[in-house]
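So the structure is just underneath, and the comments pick up after that.
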Amino acid sequence: MPRKRLIKLRCPICKKPTKTADLDFPFCSERCRLIDLGKWASGGYVISSPVTDADEAVPQDSLDDEDRN
């Protein structure tokens, strides 16, 4: 019979062990949960995306016209 892998989960803020049954999961406490929320609110975490200028954007129709020639 295969053994289940034991995964050790840790709080992303303070690195203390956490359990999936905890109310504040994946954090160990409300304090760590609020610290994480504060980082999101202040811009500490950023999801980056490519920056494009509107002037550089080429309409799809003009590309199709060039392919026809």
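Note on naming: chains are A, B, ... as they come in the structure tokens, residues start from 1 per chain, ligands start from 1 in the order shown.
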Polymer residues at most 10 Å from range 12-20 of chain A, only C-alpha atoms, same-chain spacing of 6 or more positions, as a short mmCIF file (atom, residue, chain, number, x, y, z; two decimals) with all heavy atoms, in the first residue's frame:
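Once written, part27.cif looks like this:
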```cif
data_model
loop_
_atom_site.label_atom_id
_atom_site.label_comp_id
_atom_site.auth_asym_id
_atom_site.auth_seq_id
_atom_site.Cartn_x
_atom_site.Cartn_y
_atom_site.Cartn_z
N PRO A 26 -3.60 30.08 4.54
CA PRO A 26 -2.30 29.46 4.71
C PRO A 26 -1.40 30.18 5.72
O PRO A 26 -0.22 29.86 5.82
CB PRO A 26 -1.70 29.55 3.32
CG PRO A 26 -2.23 30.82 2.77
CD PRO A 26 -3.63 30.91 3.34
N PHE A 27 -1.94 31.16 6.42
CA PHE A 27 -1.15 31.88 7.42
C PHE A 27 -1.33 31.22 8.77
O PHE A 27 -2.29 30.52 9.02
CB PHE A 27 -1.59 33.35 7.47
CG PHE A 27 -1.54 34.01 6.12
CD1 PHE A 27 -2.68 34.20 5.38
CD2 PHE A 27 -0.33 34.41 5.59
CE1 PHE A 27 -2.63 34.78 4.13
CE2 PHE A 27 -0.27 35.00 4.34
CZ PHE A 27 -1.42 35.18 3.61
N CYS A 28 -0.39 31.50 9.68
CA CYS A 28 -0.46 30.87 11.00
C CYS A 28 -1.35 31.65 11.95
O CYS A 28 -1.82 31.10 12.93
CB CYS A 28 0.95 30.74 11.58
SG CYS A 28 1.71 32.33 11.94
N SER A 29 -1.60 32.93 11.66
CA SER A 29 -2.39 33.76 12.56
C SER A 29 -3.03 34.91 11.79
O SER A 29 -2.69 35.18 10.63
CB SER A 29 -1.50 34.33 13.66
OG SER A 29 -0.55 35.22 13.10
N ARG A 31 -2.57 37.96 12.51
CA ARG A 31 -1.51 38.97 12.38
C ARG A 31 -0.77 38.79 11.06
O ARG A 31 -0.59 39.76 10.30
CB ARG A 31 -0.54 38.87 13.54
CG ARG A 31 0.63 39.82 13.45
CD ARG A 31 1.61 39.60 14.63
NE ARG A 31 2.80 40.37 14.45
CZ ARG A 31 3.87 39.97 13.76
NH1 ARG A 31 3.89 38.78 13.20
NH2 ARG A 31 4.92 40.75 13.64
N CYS A 32 -0.36 37.57 10.75
CA CYS A 32 0.37 37.32 9.50
C CYS A 32 -0.54 37.55 8.30
O CYS A 32 -0.09 38.06 7.27
CB CYS A 32 0.94 35.91 9.49
SG CYS A 32 2.38 35.71 10.57
N ARG A 33 -1.80 37.20 8.41
CA ARG A 33 -2.75 37.43 7.33
C ARG A 33 -2.87 38.92 7.04
O ARG A 33 -2.88 39.35 5.89
CB ARG A 33 -4.10 36.82 7.69
CG ARG A 33 -5.12 36.88 6.57
CD ARG A 33 -6.37 36.09 6.91
NE ARG A 33 -6.92 36.38 8.21
CZ ARG A 33 -7.78 37.39 8.46
NH1 ARG A 33 -8.16 38.17 7.50
NH2 ARG A 33 -8.24 37.56 9.68
N ILE A 35 -0.64 41.29 7.79
CA ILE A 35 0.64 41.77 7.24
C ILE A 35 0.67 41.55 5.73
O ILE A 35 1.05 42.43 4.96
CB ILE A 35 1.83 41.08 7.93
CG1 ILE A 35 1.96 41.58 9.37
CG2 ILE A 35 3.13 41.31 7.16
CD1 ILE A 35 2.97 40.80 10.20
N ASP A 36 0.23 40.38 5.29
CA ASP A 36 0.20 40.07 3.87
C ASP A 36 -0.77 40.99 3.14
O ASP A 36 -0.46 41.50 2.06
CB ASP A 36 -0.20 38.60 3.68
CG ASP A 36 -0.13 38.18 2.23
OD1 ASP A 36 1.00 38.06 1.71
OD2 ASP A 36 -1.19 37.98 1.62
#
```
One decimal, Å: what's the distance from CA of Gly44 in chain A over to CA of Lys8 in chain A, could you say?
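Pair CA of Gly44 in chain A / CA of Lys8 in chain A returns 26.1 Å.
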